[in-house]
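Remarks on the structure that follows.
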Amino acid sequence: MGLKKIQLAVIAQTNRDNYSIEIRARNKNEWIASIKIKHPASEHEIVTSKGVPKTWRNVGDALEFIQEVCKDCKDVSVKMGNWTLIGGLQDE
């Protein structure tokens, strides 16, 4: 089951420390994102209003989308091939 932008925003606001975002390369020019809810464990792909997986041509656009919708996300990973880059908000 996929989540649309508004549903993603609601989860981000109500589960601030209970989810992570993963952005991954689907092929050379396509990136997709999913949200992983920790408790209870589940994973949902981000989809368009038509219900198809949302894609971006470059990773920067995907990151901007996640920053806009999930402002308080503390756990973001970007996967490309064998690499996994991890980042997010740091507690001060």
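Residues are referred to by chain and number: the chain letter is A, B, ... according to the order shown in the structure tokens, the number counts from 1 in that chain, and ligands are numbered separately from 1 in the order shown.
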Using DSSP on the backbone, list every residue of chain A that comes out as strand (DSSP E or B), and give them as a PyMOL selection string. chain A and resi 3+19-27+30-37+42-47+53+56+76-80+83-87
Shell of 10 Å around region 35-38 of chain A, only C-alpha atoms, local chain residues under 4 positions omitted, as a PyMOL selection string: chain A and resi 2-3+8+11-12+15+17-23+42-46+75-76
Those selected residues, please, written with all heavy atoms and delivered as a compact mmCIF listing (two decimals), in the first residue's frame.
```txt
# COMPACT_ATOMS: atom_id res chain seq x y z
N GLY A 2 0.60 2.18 -0.85
CA GLY A 2 1.38 3.41 -0.92
C GLY A 2 0.71 4.55 -0.18
O GLY A 2 -0.48 4.51 0.12
N LEU A 3 1.49 5.56 0.13
CA LEU A 3 0.98 6.75 0.81
C LEU A 3 1.14 7.97 -0.08
O LEU A 3 2.20 8.18 -0.68
CB LEU A 3 1.76 6.98 2.11
CG LEU A 3 1.63 5.92 3.19
CD1 LEU A 3 2.53 6.28 4.36
CD2 LEU A 3 0.20 5.77 3.65
N LEU A 8 1.50 11.05 4.03
CA LEU A 8 2.88 11.08 4.52
C LEU A 8 3.06 12.21 5.52
O LEU A 8 3.67 12.03 6.58
CB LEU A 8 3.84 11.25 3.34
CG LEU A 8 5.32 11.38 3.68
CD1 LEU A 8 5.83 10.14 4.38
CD2 LEU A 8 6.12 11.66 2.42
N ILE A 11 1.53 11.27 8.93
CA ILE A 11 2.39 10.33 9.66
C ILE A 11 3.61 11.04 10.21
O ILE A 11 4.01 10.83 11.36
CB ILE A 11 2.80 9.14 8.76
CG1 ILE A 11 1.58 8.25 8.52
CG2 ILE A 11 3.93 8.34 9.38
CD1 ILE A 11 1.81 7.13 7.56
N ALA A 12 4.20 11.92 9.41
CA ALA A 12 5.39 12.66 9.86
C ALA A 12 5.08 13.53 11.07
O ALA A 12 5.90 13.65 11.98
CB ALA A 12 5.94 13.52 8.71
N ASN A 15 4.06 10.93 14.23
CA ASN A 15 4.99 9.86 14.61
C ASN A 15 6.43 10.33 14.54
O ASN A 15 7.30 9.64 14.01
CB ASN A 15 4.81 8.67 13.65
CG ASN A 15 3.52 7.96 13.84
OD1 ASN A 15 3.40 7.11 14.70
ND2 ASN A 15 2.53 8.30 13.02
N ASP A 17 9.24 10.43 16.11
CA ASP A 17 10.41 9.59 16.41
C ASP A 17 10.17 8.13 16.05
O ASP A 17 10.91 7.25 16.49
CB ASP A 17 10.78 9.70 17.88
CG ASP A 17 11.24 11.09 18.26
OD1 ASP A 17 11.91 11.73 17.42
OD2 ASP A 17 10.94 11.55 19.37
N ASN A 18 9.15 7.87 15.26
CA ASN A 18 8.75 6.49 14.99
C ASN A 18 8.83 6.11 13.51
O ASN A 18 8.20 5.16 13.09
CB ASN A 18 7.32 6.27 15.51
CG ASN A 18 6.92 4.82 15.52
OD1 ASN A 18 7.72 3.94 15.80
ND2 ASN A 18 5.66 4.56 15.20
N TYR A 19 9.58 6.85 12.73
CA TYR A 19 9.68 6.51 11.31
C TYR A 19 11.02 6.95 10.73
O TYR A 19 11.74 7.76 11.31
CB TYR A 19 8.54 7.15 10.51
CG TYR A 19 8.70 8.63 10.26
CD1 TYR A 19 9.24 9.09 9.06
CD2 TYR A 19 8.34 9.57 11.22
CE1 TYR A 19 9.39 10.45 8.83
CE2 TYR A 19 8.48 10.92 10.99
CZ TYR A 19 9.01 11.35 9.79
OH TYR A 19 9.17 12.69 9.57
N SER A 20 11.34 6.38 9.59
CA SER A 20 12.51 6.80 8.82
C SER A 20 12.10 6.86 7.35
O SER A 20 11.11 6.27 6.94
CB SER A 20 13.67 5.82 9.01
OG SER A 20 13.33 4.54 8.53
N ILE A 21 12.88 7.59 6.58
CA ILE A 21 12.64 7.73 5.14
C ILE A 21 13.81 7.12 4.39
O ILE A 21 14.97 7.33 4.76
CB ILE A 21 12.49 9.21 4.74
CG1 ILE A 21 11.31 9.87 5.44
CG2 ILE A 21 12.39 9.36 3.22
CD1 ILE A 21 9.94 9.41 4.98
N GLU A 22 13.50 6.37 3.35
CA GLU A 22 14.54 5.81 2.50
C GLU A 22 14.30 6.27 1.06
O GLU A 22 13.21 6.09 0.53
CB GLU A 22 14.51 4.28 2.56
CG GLU A 22 15.56 3.64 1.67
CD GLU A 22 15.49 2.14 1.73
OE1 GLU A 22 16.08 1.56 2.65
OE2 GLU A 22 14.82 1.56 0.85
N ILE A 23 15.31 6.88 0.47
CA ILE A 23 15.27 7.27 -0.94
C ILE A 23 16.25 6.36 -1.65
O ILE A 23 17.39 6.18 -1.20
CB ILE A 23 15.69 8.75 -1.11
CG1 ILE A 23 14.72 9.66 -0.36
CG2 ILE A 23 15.75 9.11 -2.59
CD1 ILE A 23 15.17 11.11 -0.27
N SER A 42 6.17 -1.40 9.58
CA SER A 42 5.57 -1.41 8.25
C SER A 42 6.36 -0.49 7.33
O SER A 42 7.08 0.39 7.80
CB SER A 42 4.10 -0.99 8.29
OG SER A 42 3.97 0.33 8.74
N GLU A 43 6.23 -0.72 6.04
CA GLU A 43 6.91 0.12 5.06
C GLU A 43 5.91 0.47 3.96
O GLU A 43 5.14 -0.39 3.53
CB GLU A 43 8.11 -0.61 4.46
CG GLU A 43 8.88 0.23 3.47
CD GLU A 43 10.16 -0.43 2.99
OE1 GLU A 43 10.52 -1.51 3.49
OE2 GLU A 43 10.80 0.14 2.10
N HIS A 44 5.94 1.74 3.53
CA HIS A 44 5.00 2.21 2.52
C HIS A 44 5.73 3.07 1.51
O HIS A 44 6.47 3.99 1.88
CB HIS A 44 3.88 3.05 3.16
CG HIS A 44 3.19 2.35 4.27
ND1 HIS A 44 2.20 1.43 4.05
CD2 HIS A 44 3.36 2.42 5.61
CE1 HIS A 44 1.76 0.97 5.22
NE2 HIS A 44 2.47 1.56 6.17
N GLU A 45 5.53 2.78 0.24
CA GLU A 45 6.10 3.58 -0.83
C GLU A 45 5.33 4.90 -0.95
O GLU A 45 4.13 4.94 -0.68
CB GLU A 45 6.01 2.81 -2.15
CG GLU A 45 7.18 3.01 -3.05
CD GLU A 45 7.17 2.05 -4.23
OE1 GLU A 45 6.19 2.04 -4.99
OE2 GLU A 45 8.17 1.34 -4.38
N ILE A 46 6.00 5.96 -1.35
CA ILE A 46 5.34 7.24 -1.61
C ILE A 46 4.76 7.17 -3.02
O ILE A 46 5.46 6.80 -3.96
CB ILE A 46 6.33 8.42 -1.49
CG1 ILE A 46 7.15 8.33 -0.20
CG2 ILE A 46 5.62 9.75 -1.63
CD1 ILE A 46 6.36 8.24 1.07
N ASP A 75 15.75 10.62 10.56
CA ASP A 75 16.43 9.45 10.01
C ASP A 75 16.10 9.33 8.52
O ASP A 75 15.02 8.89 8.15
CB ASP A 75 15.96 8.21 10.77
CG ASP A 75 16.72 6.96 10.41
OD1 ASP A 75 17.68 7.02 9.62
OD2 ASP A 75 16.35 5.89 10.94
N VAL A 76 17.05 9.74 7.68
CA VAL A 76 16.89 9.69 6.22
C VAL A 76 18.08 8.93 5.64
O VAL A 76 19.22 9.20 6.01
CB VAL A 76 16.83 11.11 5.60
CG1 VAL A 76 16.71 11.02 4.09
CG2 VAL A 76 15.69 11.91 6.19
```
Would you kindly return, as a PDB file with N, CA and C atoms, in the first residue's frame, each protein, DNA or RNA residue with an atom no farther than 12 Å from any atom of Ile6 (chain A), considering only C-alpha atoms and excluding same-chain residues fewer than 5 positions away?
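Final output, around32.pdb:
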```pdb
ATOM      1  N   ILE A  11       1.529  11.267   8.927  1.00  0.00           N
ATOM      2  CA  ILE A  11       2.389  10.327   9.662  1.00  0.00           C
ATOM      3  C   ILE A  11       3.612  11.045  10.214  1.00  0.00           C
ATOM      4  N   ALA A  12       4.204  11.920   9.412  1.00  0.00           N
ATOM      5  CA  ALA A  12       5.386  12.662   9.859  1.00  0.00           C
ATOM      6  C   ALA A  12       5.078  13.530  11.071  1.00  0.00           C
ATOM      7  N   GLN A  13       3.909  14.135  11.107  1.00  0.00           N
ATOM      8  CA  GLN A  13       3.540  15.010  12.230  1.00  0.00           C
ATOM      9  C   GLN A  13       3.147  14.235  13.477  1.00  0.00           C
ATOM     10  N   ILE A  46       5.998   5.963  -1.354  1.00  0.00           N
ATOM     11  CA  ILE A  46       5.338   7.243  -1.608  1.00  0.00           C
ATOM     12  C   ILE A  46       4.760   7.172  -3.020  1.00  0.00           C
ATOM     13  N   VAL A  47       3.487   7.517  -3.157  1.00  0.00           N
ATOM     14  CA  VAL A  47       2.815   7.427  -4.449  1.00  0.00           C
ATOM     15  C   VAL A  47       2.223   8.776  -4.850  1.00  0.00           C
ATOM     16  N   THR A  48       1.880   8.900  -6.119  1.00  0.00           N
ATOM     17  CA  THR A  48       1.225  10.101  -6.638  1.00  0.00           C
ATOM     18  C   THR A  48      -0.255  10.040  -6.306  1.00  0.00           C
ATOM     19  N   SER A  49      -0.989  11.086  -6.651  1.00  0.00           N
ATOM     20  CA  SER A  49      -2.434  11.104  -6.407  1.00  0.00           C
ATOM     21  C   SER A  49      -3.152  10.009  -7.195  1.00  0.00           C
ATOM     22  N   GLU A  68      10.401  19.109   2.697  1.00  0.00           N
ATOM     23  CA  GLU A  68       9.177  19.910   2.735  1.00  0.00           C
ATOM     24  C   GLU A  68       8.067  19.201   3.509  1.00  0.00           C
ATOM     25  N   VAL A  69       7.888  17.916   3.254  1.00  0.00           N
ATOM     26  CA  VAL A  69       6.773  17.172   3.834  1.00  0.00           C
ATOM     27  C   VAL A  69       7.090  16.654   5.238  1.00  0.00           C
ATOM     28  N   CYS A  70       8.319  16.257   5.478  1.00  0.00           N
ATOM     29  CA  CYS A  70       8.732  15.648   6.751  1.00  0.00           C
ATOM     30  C   CYS A  70       9.777  16.528   7.424  1.00  0.00           C
TER      31      CYS A  70
END
```
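Reported to one decimal place, the separation of CA of Arg57 (chain A) from CA of Glu30 (chain A) is 5.0 Å.
With only C-alpha atoms as the atoms that count, the residue of A:Ala41, A:Ile32, A:Val10, A:Leu85 with the shortest distance to Asp61 (chain A) is A:Ile32.
If you count only C-alpha atoms and ignore residues fewer than 4 places along the chain from Gly81 (chain A), what sits within 10 Å of it is Arg24, Ala25, Arg26 and Asn27 of chain A.
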Could those residues be written to a file, using N, CA and C atoms, as an mmCIF file, in the first residue's frame?
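Everything below was put into again12.cif:
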```cif
data_model
loop_
_atom_site.group_PDB
_atom_site.id
_atom_site.type_symbol
_atom_site.label_atom_id
_atom_site.label_comp_id
_atom_site.auth_asym_id
_atom_site.auth_seq_id
_atom_site.Cartn_x
_atom_site.Cartn_y
_atom_site.Cartn_z
ATOM 1 N N ARG A 24 15.824 5.733 -2.724
ATOM 2 C CA ARG A 24 16.714 4.802 -3.405
ATOM 3 C C ARG A 24 16.629 4.940 -4.925
ATOM 4 N N ALA A 25 17.742 4.641 -5.554
ATOM 5 C CA ALA A 25 17.810 4.677 -7.014
ATOM 6 C C ALA A 25 17.062 3.466 -7.561
ATOM 7 N N ARG A 26 16.131 3.738 -8.447
ATOM 8 C CA ARG A 26 15.402 2.639 -9.088
ATOM 9 C C ARG A 26 16.107 2.235 -10.387
ATOM 10 N N ASN A 27 16.640 3.204 -11.051
ATOM 11 C CA ASN A 27 17.509 2.982 -12.207
ATOM 12 C C ASN A 27 18.361 4.239 -12.367
#
```
For Leu63 (chain A), which residue out of A:Arg16, A:Lys28, A:Met1, A:Val78 is the nearest one, using only C-alpha atoms? A:Val78
